[in-house]
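**Student:** Hey, dropping coords-v4.pdb in here, PDB, C-alpha atoms:
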```pdb
ATOM      1  CA  MET A   1       0.000   0.000   0.000
ATOM      2  CA  LYS A   2       1.241   3.477  -0.828
ATOM      3  CA  LYS A   3       2.134   5.767   2.035
ATOM      4  CA  LEU A   4       2.428   9.479   2.624
ATOM      5  CA  LEU A   5       6.001  10.661   2.652
ATOM      6  CA  ILE A   6       5.597  13.506   5.133
ATOM      7  CA  LEU A   7       3.231  14.778   7.752
ATOM      8  CA  LEU A   8       1.828  17.895   6.092
ATOM      9  CA  LEU A   9       0.113  15.978   3.307
ATOM     10  CA  VAL A  10      -2.419  14.579   5.767
ATOM     11  CA  VAL A  11      -4.302  17.874   5.828
ATOM     12  CA  ALA A  12      -4.415  18.139   2.055
ATOM     13  CA  MET A  13      -5.505  14.530   1.616
ATOM     14  CA  PHE A  14      -8.524  14.789   3.885
ATOM     15  CA  SER A  15      -9.511  18.194   2.558
ATOM     16  CA  GLY A  16     -10.707  16.623  -0.690
ATOM     17  CA  CYS A  17     -13.057  14.024   0.805
ATOM     18  CA  ALA A  18     -16.549  15.421   0.347
ATOM     19  CA  GLY A  19     -18.799  14.928   3.359
ATOM     20  CA  ASN A  20     -15.918  14.087   5.699
ATOM     21  CA  VAL A  21     -14.593  17.550   6.401
ATOM     22  CA  SER A  22     -15.775  20.895   7.689
ATOM     23  CA  GLU A  23     -14.324  24.104   6.272
ATOM     24  CA  VAL A  24     -12.437  26.555   8.452
ATOM     25  CA  ASN A  25     -10.215  29.510   7.531
ATOM     26  CA  GLN A  26      -9.085  29.889   3.938
ATOM     27  CA  PRO A  27      -5.419  30.781   3.335
ATOM     28  CA  ASN A  28      -4.375  34.036   1.736
ATOM     29  CA  ASP A  29      -2.486  34.250  -1.535
ATOM     30  CA  PRO A  30       1.092  34.903  -0.358
ATOM     31  CA  ASP A  31       1.926  36.863  -3.489
ATOM     32  CA  THR A  32      -0.876  39.424  -3.291
ATOM     33  CA  ASP A  33      -2.404  39.779   0.162
ATOM     34  CA  GLN A  34      -1.167  42.154   2.825
ATOM     35  CA  LEU A  35       0.112  40.063   5.711
ATOM     36  CA  GLU A  36      -0.642  41.958   8.895
ATOM     37  CA  GLU A  37      -1.910  39.188  11.172
ATOM     38  CA  SER A  38       0.155  37.597  13.912
ATOM     39  CA  ASP A  39       2.218  34.488  13.241
ATOM     40  CA  THR A  40      -0.373  32.404  15.089
ATOM     41  CA  ASP A  41      -3.222  33.633  12.914
ATOM     42  CA  LEU A  42      -1.230  32.925   9.772
ATOM     43  CA  VAL A  43      -0.340  29.412  10.866
ATOM     44  CA  GLU A  44      -3.981  28.650  11.642
ATOM     45  CA  GLU A  45      -4.935  29.773   8.146
ATOM     46  CA  THR A  46      -2.815  26.991   6.653
ATOM     47  CA  PHE A  47      -5.333  24.456   7.966
ATOM     48  CA  LYS A  48      -8.156  24.750   5.461
ATOM     49  CA  PHE A  49     -10.187  21.799   6.659
ATOM     50  CA  LYS A  50     -10.756  19.752   9.762
ATOM     51  CA  VAL A  51     -11.757  16.095   9.811
ATOM     52  CA  GLU A  52     -15.154  15.749  11.490
ATOM     53  CA  GLU A  53     -14.452  12.359  13.076
ATOM     54  CA  PRO A  54     -11.160  11.805  14.960
ATOM     55  CA  VAL A  55      -8.584   9.875  12.949
ATOM     56  CA  THR A  56      -5.438   8.116  14.173
ATOM     57  CA  LEU A  57      -2.720   7.414  11.623
ATOM     58  CA  SER A  58       0.528   5.522  12.074
ATOM     59  CA  MET A  59       3.779   7.455  11.698
ATOM     60  CA  PHE A  60       7.312   6.124  11.243
ATOM     61  CA  VAL A  61      10.180   8.469  12.157
ATOM     62  CA  ASP A  62      13.330   7.332  10.383
ATOM     63  CA  GLU A  63      15.721   8.938  12.882
ATOM     64  CA  PHE A  64      16.813   6.608  15.682
ATOM     65  CA  TRP A  65      18.119   9.573  17.707
ATOM     66  CA  TRP A  66      14.658  11.174  17.816
ATOM     67  CA  PRO A  67      13.996  11.731  21.544
ATOM     68  CA  TYR A  68      10.179  11.484  21.448
ATOM     69  CA  SER A  69       8.248   8.233  21.412
ATOM     70  CA  ASP A  70       4.670   9.465  21.086
ATOM     71  CA  TRP A  71       2.518  12.257  19.685
ATOM     72  CA  SER A  72       2.440  14.529  22.727
ATOM     73  CA  GLY A  73       3.444  18.041  23.728
ATOM     74  CA  ASP A  74       2.134  21.524  22.984
ATOM     75  CA  MET A  75       2.630  21.532  19.206
ATOM     76  CA  PRO A  76       1.266  18.001  18.562
ATOM     77  CA  LYS A  77      -1.708  18.818  20.793
ATOM     78  CA  TRP A  78      -2.331  22.035  18.853
ATOM     79  CA  PHE A  79      -2.057  20.218  15.509
ATOM     80  CA  THR A  80      -4.549  17.566  16.605
ATOM     81  CA  GLU A  81      -6.979  20.228  17.830
ATOM     82  CA  MET A  82      -6.719  22.012  14.472
ATOM     83  CA  THR A  83      -7.151  18.892  12.320
ATOM     84  CA  ASN A  84      -8.757  16.191  14.503
ATOM     85  CA  ILE A  85      -5.875  13.919  13.440
ATOM     86  CA  ASP A  86      -3.744  11.988  15.929
ATOM     87  CA  PHE A  87      -0.694   9.799  15.326
ATOM     88  CA  ASP A  88       0.638   6.505  16.610
ATOM     89  CA  VAL A  89       4.402   7.107  16.432
ATOM     90  CA  THR A  90       7.138   4.538  15.885
ATOM     91  CA  VAL A  91      10.781   5.640  15.965
ATOM     92  CA  ALA A  92      13.406   3.695  14.024
ATOM     93  CA  ALA A  93      15.584   1.399  16.097
ATOM     94  CA  ASP A  94      18.502   1.768  13.676
ATOM     95  CA  THR A  95      19.411   2.975  10.191
ATOM     96  CA  THR A  96      18.262  -0.222   8.469
ATOM     97  CA  GLU A  97      14.664  -0.382   9.680
ATOM     98  CA  LEU A  98      13.188   1.784   6.920
ATOM     99  CA  SER A  99      14.724  -0.418   4.221
ATOM    100  CA  MET A 100      13.249  -3.479   5.913
ATOM    101  CA  LEU A 101       9.794  -1.882   6.051
ATOM    102  CA  VAL A 102      10.003  -1.014   2.356
ATOM    103  CA  ALA A 103      11.116  -4.530   1.441
ATOM    104  CA  SER A 104       8.338  -6.149   3.479
ATOM    105  CA  GLY A 105       5.626  -3.736   2.332
ATOM    106  CA  THR A 106       4.743  -2.755   5.907
ATOM    107  CA  LEU A 107       5.359   0.997   5.880
ATOM    108  CA  GLN A 108       3.305   3.113   8.260
ATOM    109  CA  ASP A 109       0.775   5.672   6.978
ATOM    110  CA  ILE A 110       3.184   8.588   7.380
ATOM    111  CA  VAL A 111       6.939   8.342   6.871
ATOM    112  CA  VAL A 112       9.220  11.084   8.194
ATOM    113  CA  THR A 113      12.658  10.601   6.667
ATOM    114  CA  THR A 114      15.573  12.144   4.824
ATOM    115  CA  GLN A 115      15.625   9.221   2.367
ATOM    116  CA  PHE A 116      13.995  11.218  -0.412
ATOM    117  CA  ASN A 117      15.278   9.167  -3.337
ATOM    118  CA  MET A 118      14.205   5.893  -1.750
ATOM    119  CA  LEU A 119      10.574   6.857  -1.198
ATOM    120  CA  ALA A 120       9.815   9.518  -3.816
ATOM    121  CA  ASN A 121       8.250   7.148  -6.311
ATOM    122  CA  SER A 122       4.702   6.108  -7.171
ATOM    123  CA  ASP A 123       5.211   2.486  -6.110
ATOM    124  CA  LEU A 124       5.667   3.450  -2.465
ATOM    125  CA  CYS A 125       4.123   6.861  -1.856
ATOM    126  CA  TYR A 126       1.314   9.073  -3.057
ATOM    127  CA  ALA A 127       2.270  12.006  -5.254
ATOM    128  CA  TRP A 128       0.792  15.305  -4.141
ATOM    129  CA  ASP A 129       0.037  16.156  -7.770
ATOM    130  CA  ASP A 130      -2.151  13.054  -8.165
ATOM    131  CA  LEU A 131      -4.024  13.595  -4.893
ATOM    132  CA  ILE A 132      -4.672  17.258  -5.692
ATOM    133  CA  GLU A 133      -6.128  16.295  -9.069
ATOM    134  CA  GLU A 134      -8.067  13.229  -7.903
ATOM    135  CA  TYR A 135      -9.753  14.926  -4.946
ATOM    136  CA  ASN A 136      -9.994  18.401  -6.501
ATOM    137  CA  ILE A 137      -8.045  19.918  -3.616
ATOM    138  CA  ASP A 138      -7.773  23.696  -3.535
ATOM    139  CA  TYR A 139      -4.008  23.691  -3.078
ATOM    140  CA  ALA A 140      -1.394  24.895  -5.537
ATOM    141  CA  ILE A 141       2.257  23.905  -5.187
ATOM    142  CA  HIS A 142       4.337  27.040  -5.607
ATOM    143  CA  PRO A 143       6.640  26.793  -8.675
ATOM    144  CA  ALA A 144       9.722  27.274  -6.492
ATOM    145  CA  TYR A 145       8.740  24.352  -4.257
ATOM    146  CA  LYS A 146       7.828  22.323  -7.323
ATOM    147  CA  PHE A 147      11.302  22.904  -8.750
ATOM    148  CA  VAL A 148      13.139  22.066  -5.519
ATOM    149  CA  ASN A 149      11.080  19.008  -4.557
ATOM    150  CA  SER A 150      10.249  17.272  -7.848
ATOM    151  CA  ALA A 151      11.256  13.617  -8.074
ATOM    152  CA  SER A 152      12.673  11.904 -11.156
ATOM    153  CA  ASP A 153       9.135  11.530 -12.565
ATOM    154  CA  ASP A 154       8.550  15.317 -12.162
ATOM    155  CA  LYS A 155       5.974  14.739  -9.428
ATOM    156  CA  VAL A 156       6.032  16.061  -5.867
ATOM    157  CA  TYR A 157       5.898  13.463  -3.098
ATOM    158  CA  THR A 158       6.842  15.770  -0.246
ATOM    159  CA  ILE A 159       7.849  19.330   0.561
ATOM    160  CA  ARG A 160      11.217  18.913   2.219
ATOM    161  CA  VAL A 161      12.338  21.032   5.141
ATOM    162  CA  GLY A 162      15.537  23.056   4.968
ATOM    163  CA  TRP A 163      14.487  25.545   2.303
ATOM    164  CA  SER A 164      11.612  28.001   2.021
ATOM    165  CA  ALA A 165      10.767  30.754  -0.440
ATOM    166  CA  ASP A 166      11.306  34.360   0.644
ATOM    167  CA  TYR A 167       7.589  35.085   0.888
ATOM    168  CA  GLU A 168       7.273  32.417   3.589
ATOM    169  CA  TYR A 169       9.744  34.264   5.812
ATOM    170  CA  GLU A 170       7.859  37.501   5.174
ATOM    171  CA  LYS A 171       4.692  35.829   6.443
ATOM    172  CA  TYR A 172       6.342  34.615   9.657
ATOM    173  CA  PRO A 173       8.781  37.325  10.811
ATOM    174  CA  THR A 174       9.714  35.527  14.043
ATOM    175  CA  VAL A 175      10.570  32.188  12.441
ATOM    176  CA  ASN A 176      14.038  30.736  12.991
ATOM    177  CA  PRO A 177      15.175  29.542   9.547
ATOM    178  CA  GLU A 178      18.031  27.425  10.876
ATOM    179  CA  GLY A 179      15.805  25.277  13.058
ATOM    180  CA  THR A 180      17.795  25.607  16.293
ATOM    181  CA  ALA A 181      15.844  26.876  19.283
ATOM    182  CA  LEU A 182      16.721  27.950  22.807
ATOM    183  CA  VAL A 183      14.886  26.015  25.511
ATOM    184  CA  LEU A 184      14.683  27.871  28.837
ATOM    185  CA  ARG A 185      13.732  26.797  32.345
ATOM    186  CA  LYS A 186      10.589  28.767  33.050
ATOM    187  CA  ASP A 187      11.173  29.332  36.771
ATOM    188  CA  ILE A 188      14.717  30.622  36.246
ATOM    189  CA  LEU A 189      13.601  32.740  33.303
ATOM    190  CA  GLU A 190      10.996  34.458  35.462
ATOM    191  CA  ALA A 191      13.579  35.053  38.192
ATOM    192  CA  VAL A 192      16.262  36.511  35.906
ATOM    193  CA  LEU A 193      13.775  38.704  34.058
ATOM    194  CA  ASN A 194      12.652  40.080  37.396
ATOM    195  CA  GLU A 195      16.276  40.574  38.470
ATOM    196  CA  THR A 196      17.253  42.391  35.268
ATOM    197  CA  GLY A 197      14.021  44.340  34.882
ATOM    198  CA  LEU A 198      13.488  42.944  31.388
ATOM    199  CA  GLU A 199      10.051  42.056  30.062
ATOM    200  CA  ALA A 200      11.451  39.587  27.538
ATOM    201  CA  ILE A 201      14.732  38.569  25.915
ATOM    202  CA  THR A 202      14.971  40.201  22.498
ATOM    203  CA  THR A 203      18.721  40.656  21.908
ATOM    204  CA  VAL A 204      21.984  38.828  22.544
ATOM    205  CA  GLU A 205      22.944  41.527  25.042
ATOM    206  CA  GLU A 206      19.733  40.944  27.006
ATOM    207  CA  LEU A 207      20.342  37.196  26.917
ATOM    208  CA  GLU A 208      23.808  37.759  28.377
ATOM    209  CA  LYS A 209      22.321  39.911  31.140
ATOM    210  CA  CYS A 210      20.073  36.984  31.987
ATOM    211  CA  PHE A 211      23.053  34.615  31.974
ATOM    212  CA  ASP A 212      24.837  36.912  34.447
ATOM    213  CA  ALA A 213      21.743  37.049  36.639
ATOM    214  CA  CYS A 214      21.486  33.264  36.492
ATOM    215  CA  LYS A 215      25.083  32.894  37.689
ATOM    216  CA  GLU A 216      24.387  35.258  40.572
ATOM    217  CA  LEU A 217      21.033  33.794  41.630
ATOM    218  CA  TYR A 218      21.778  30.138  40.878
ATOM    219  CA  PRO A 219      25.545  29.523  41.168
ATOM    220  CA  ASP A 220      25.104  25.762  40.701
ATOM    221  CA  VAL A 221      23.207  26.157  37.420
ATOM    222  CA  VAL A 222      24.980  26.366  34.047
ATOM    223  CA  PRO A 223      23.566  29.344  32.102
ATOM    224  CA  PHE A 224      23.921  27.851  28.610
ATOM    225  CA  THR A 225      24.295  24.289  27.358
ATOM    226  CA  ILE A 226      24.748  22.858  23.885
ATOM    227  CA  HIS A 227      22.763  19.692  23.331
ATOM    228  CA  ASP A 228      25.401  18.128  21.054
ATOM    229  CA  SER A 229      29.021  19.112  20.432
ATOM    230  CA  ASN A 230      28.528  18.406  16.725
ATOM    231  CA  GLN A 231      25.990  21.246  16.664
ATOM    232  CA  ALA A 232      27.947  23.577  18.947
ATOM    233  CA  THR A 233      27.515  26.816  17.017
ATOM    234  CA  ARG A 234      24.105  26.258  15.423
ATOM    235  CA  TYR A 235      22.138  28.487  17.791
ATOM    236  CA  LEU A 236      24.457  31.477  17.416
ATOM    237  CA  GLU A 237      24.640  30.902  13.667
ATOM    238  CA  ALA A 238      20.876  31.274  13.566
ATOM    239  CA  VAL A 239      21.005  34.378  15.767
ATOM    240  CA  TYR A 240      23.625  36.118  13.624
ATOM    241  CA  GLY A 241      22.441  34.766  10.278
ATOM    242  CA  ALA A 242      25.682  32.911   9.606
ATOM    243  CA  GLY A 243      25.999  29.878   7.378
ATOM    244  CA  HIS A 244      26.615  26.445   8.839
ATOM    245  CA  ALA A 245      28.149  24.622   5.893
ATOM    246  CA  GLY A 246      28.762  24.849   2.180
ATOM    247  CA  LEU A 247      28.556  28.123   0.277
ATOM    248  CA  VAL A 248      27.052  31.457   1.303
ATOM    249  CA  ASP A 249      26.352  34.698  -0.543
ATOM    250  CA  ILE A 250      29.016  37.309   0.288
ATOM    251  CA  ASP A 251      28.734  40.503  -1.752
ATOM    252  CA  ASP A 252      26.969  38.589  -4.538
ATOM    253  CA  GLU A 253      29.694  35.950  -4.684
ATOM    254  CA  ALA A 254      29.487  32.302  -3.632
ATOM    255  CA  MET A 255      32.021  31.811  -0.848
ATOM    256  CA  VAL A 256      32.770  29.011   1.605
ATOM    257  CA  TYR A 257      30.862  29.788   4.808
ATOM    258  CA  ILE A 258      33.996  30.092   6.979
ATOM    259  CA  TYR A 259      34.910  33.313   5.145
ATOM    260  CA  ASP A 260      31.681  34.976   6.250
ATOM    261  CA  GLU A 261      32.300  37.724   8.827
ATOM    262  CA  LYS A 262      29.106  36.637  10.574
ATOM    263  CA  TYR A 263      30.604  33.191  11.126
ATOM    264  CA  LYS A 264      33.686  34.818  12.656
ATOM    265  CA  THR A 265      31.351  36.742  14.971
ATOM    266  CA  VAL A 266      29.737  33.462  16.016
ATOM    267  CA  LEU A 267      33.080  31.883  16.929
ATOM    268  CA  LEU A 268      34.208  34.948  18.866
ATOM    269  CA  LYS A 269      30.928  35.075  20.764
ATOM    270  CA  MET A 270      31.126  31.369  21.597
ATOM    271  CA  ASN A 271      34.676  31.858  22.896
ATOM    272  CA  GLU A 272      33.493  34.825  24.965
ATOM    273  CA  TRP A 273      30.681  32.776  26.502
ATOM    274  CA  VAL A 274      33.100  30.036  27.507
ATOM    275  CA  SER A 275      35.472  32.625  29.002
ATOM    276  CA  LYS A 276      32.639  34.171  31.025
ATOM    277  CA  GLY A 277      31.545  30.804  32.350
ATOM    278  CA  TYR A 278      28.242  30.719  30.508
ATOM    279  CA  ILE A 279      29.204  27.337  29.002
ATOM    280  CA  GLU A 280      31.072  24.433  30.572
ATOM    281  CA  PRO A 281      34.245  23.682  28.547
ATOM    282  CA  GLU A 282      33.561  19.940  28.716
ATOM    283  CA  ASN A 283      30.261  20.574  26.939
ATOM    284  CA  PHE A 284      32.204  20.494  23.673
ATOM    285  CA  SER A 285      33.141  16.855  24.239
ATOM    286  CA  TRP A 286      29.549  15.638  24.561
ATOM    287  CA  ASN A 287      28.248  13.505  21.729
ATOM    288  CA  GLY A 288      24.493  13.179  21.490
ATOM    289  CA  LEU A 289      21.574  14.378  23.579
ATOM    290  CA  SER A 290      21.903  12.186  26.658
ATOM    291  CA  ILE A 291      24.241  14.266  28.848
ATOM    292  CA  ALA A 292      22.514  17.568  28.094
ATOM    293  CA  MET A 293      19.093  16.028  28.718
ATOM    294  CA  GLU A 294      20.262  14.506  32.003
ATOM    295  CA  LYS A 295      21.574  17.861  33.195
ATOM    296  CA  ALA A 296      18.375  19.605  32.141
ATOM    297  CA  ALA A 297      16.267  16.988  33.927
ATOM    298  CA  ALA A 298      18.411  17.462  37.048
ATOM    299  CA  SER A 299      17.712  21.235  37.001
ATOM    300  CA  GLN A 300      21.377  22.028  36.342
ATOM    301  CA  VAL A 301      20.792  24.067  33.171
ATOM    302  CA  PHE A 302      19.068  27.387  32.486
ATOM    303  CA  ALA A 303      19.143  27.527  28.670
ATOM    304  CA  MET A 304      19.786  24.709  26.222
ATOM    305  CA  ALA A 305      20.285  25.113  22.486
ATOM    306  CA  SER A 306      18.473  22.270  20.799
ATOM    307  CA  LEU A 307      17.363  21.331  17.301
TER     308      LEU A 307
END
```
Let me see the file written as structure tokens.

**Tutor:**
Amino acid sequence: MKKLLILLLVVAMFSGCAGNVSEVNQPNDPDTDQLEESDTDLVEETFKFKVEEPVTLSMFVDEFWWPYSDWSGDMPKWFTEMTNIDFDVTVAADTTELSMLVASGTLQDIVVTTQFNMLANSDLCYAWDDLIEEYNIDYAIHPAYKFVNSASDDKVYTIRVGWSADYEYEKYPTVNPEGTALVLRKDILEAVLNETGLEAITTVEELEKCFDACKELYPDVVPFTIHDSNQATRYLEAVYGAGHAGLVDIDDEAMVYIYDEKYKTVLLKMNEWVSKGYIEPENFSWNGLSIAMEKAAASQVFAMASL
């Protein structure tokens, strides 16, 4: 049986089933409409339809390091409320499990994976183009996404993460394009904001003030922790808009990312944070999530950069 290659197609698939859905907000045309609503309002507009009866689909996550084992948390809960769709999640035990599922014909309903070439074919997965046509779905794949995500048969089986058109960033001004987020302990955050007189953290300088306040109020707590040494600079790269790998645009020329002045700023800032005691030096020897998660669970960390 064919499967859906990524999560987002679920909404589009059910939106075409007459009699099984109820209409909610219609999305705006990103090329013409004035986008003045909040990010939350805009996100809600992406859900055009909601399944009337609750549906549970199976999902296979082809990343054995994925730290979650079920469909729970604020964002999954919000998604289910918006769509009436829940998921039974299975996380890969190793890097070979997906191949075994393909060979045995036992793929789950939804497959979350980076193995684009393996699954982007009509024998295994549904093509968005075919579903849109068959169910008369009011959804147009933007030409830029069509170009980036087309498989060898010129059909779209998924919209991959890692690249978005400029108009998407204009719609969501607070989005972090690099994917790395800063997770903060709520009780310490409230205490340091009160200590510094800040209403919220909006700049690197304000974040550093909170780190200093954390050191003063909670001397046994590490202000900043990196979840994985292999991703040591990802958070600051996102903050300063620096590249992480490959080529970047410098004065309209393609240059290796290490020549970007913003990347130099990232390295200098990271060195400064270590010197000030915001980061434990041994943090750079950690490999994987386990140590950082253990420290966070033991209330030994204020802020953790995590993908």

**Student:** Skipping near chain neighbours, those fewer than 3 positions away, what residues fall within 9 Å of Val266 in chain A using all atoms listed in the file, listed as a PyMOL selection string?

**Tutor:** chain A and resi 233+236-237+239-240+242+261-263+269-271

**Student:** Could you state which residues are captured by the PyMOL selection byres ((chain A and resi 196-207) around 12) in this file, as a short mmCIF file (atom, residue, chain, number, x, y, z; two decimals) with C-alpha atoms, keeping the file's coordinate frame?

**Tutor:**
```cif
data_model
loop_
_atom_site.label_atom_id
_atom_site.label_comp_id
_atom_site.auth_asym_id
_atom_site.auth_seq_id
_atom_site.Cartn_x
_atom_site.Cartn_y
_atom_site.Cartn_z
CA THR A 174 9.71 35.53 14.04
CA LEU A 182 16.72 27.95 22.81
CA LEU A 184 14.68 27.87 28.84
CA LEU A 189 13.60 32.74 33.30
CA GLU A 190 11.00 34.46 35.46
CA ALA A 191 13.58 35.05 38.19
CA VAL A 192 16.26 36.51 35.91
CA LEU A 193 13.78 38.70 34.06
CA ASN A 194 12.65 40.08 37.40
CA GLU A 195 16.28 40.57 38.47
CA GLU A 208 23.81 37.76 28.38
CA LYS A 209 22.32 39.91 31.14
CA CYS A 210 20.07 36.98 31.99
CA PHE A 211 23.05 34.62 31.97
CA ASP A 212 24.84 36.91 34.45
CA ALA A 213 21.74 37.05 36.64
CA CYS A 214 21.49 33.26 36.49
CA GLU A 216 24.39 35.26 40.57
CA LEU A 217 21.03 33.79 41.63
CA PRO A 223 23.57 29.34 32.10
CA PHE A 224 23.92 27.85 28.61
CA TYR A 235 22.14 28.49 17.79
CA LEU A 236 24.46 31.48 17.42
CA ALA A 238 20.88 31.27 13.57
CA VAL A 239 21.00 34.38 15.77
CA TYR A 240 23.62 36.12 13.62
CA VAL A 266 29.74 33.46 16.02
CA LYS A 269 30.93 35.08 20.76
CA MET A 270 31.13 31.37 21.60
CA TRP A 273 30.68 32.78 26.50
CA TYR A 278 28.24 30.72 30.51
CA PHE A 302 19.07 27.39 32.49
CA ALA A 303 19.14 27.53 28.67
#
```

**Student:** Quick one: apply the PyMOL selection byres ((chain A and resi 305) around 9) to the file and drop the selected residues here as a PyMOL selection string.

**Tutor:** chain A and resi 180-184+224-228+232+234-235+303-304+306-307

**Student:** Given the PyMOL selection byres ((chain A and resi 89) around 10) and the file above, list the residues it selects as a ChimeraX atom specification.

**Tutor:** /A:57-61,68-72,86-88,90-92,108,110-111

**Student:** Just want the 7 Å neighbourhood of range 147-157 of chain A, counted on all atoms listed in the file, with same-chain residues fewer than 6 positions away dropped. Output as a ChimeraX atom specification.

**Tutor:** /A:5,120,125-129

**Student:** Please list as a list in words every residue within 10 Å of Pro67 in chain A, counting all atoms listed in the file and excluding residues in the same chain fewer than 6 positions away.

**Tutor:**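 Close residues of Pro67 in chain A: Val91, Leu289, Ser290 and Met293 of chain A.
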
**Student:** For Pro281 in chain A, which residue among A:Asn136, A:Thr56, A:Ser229, A:Asn121 is the nearest when counting all atoms listed in the file?

**Tutor:**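 Between A:Asn136, A:Thr56, A:Ser229, A:Asn121, the residue approaching Pro281 in chain A most closely is A:Ser229.
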
**Student:** What gap, in Å, lies between CA of Leu267 in chain A and CA of Ile188 in chain A?

**Tutor:** 26.7 Å
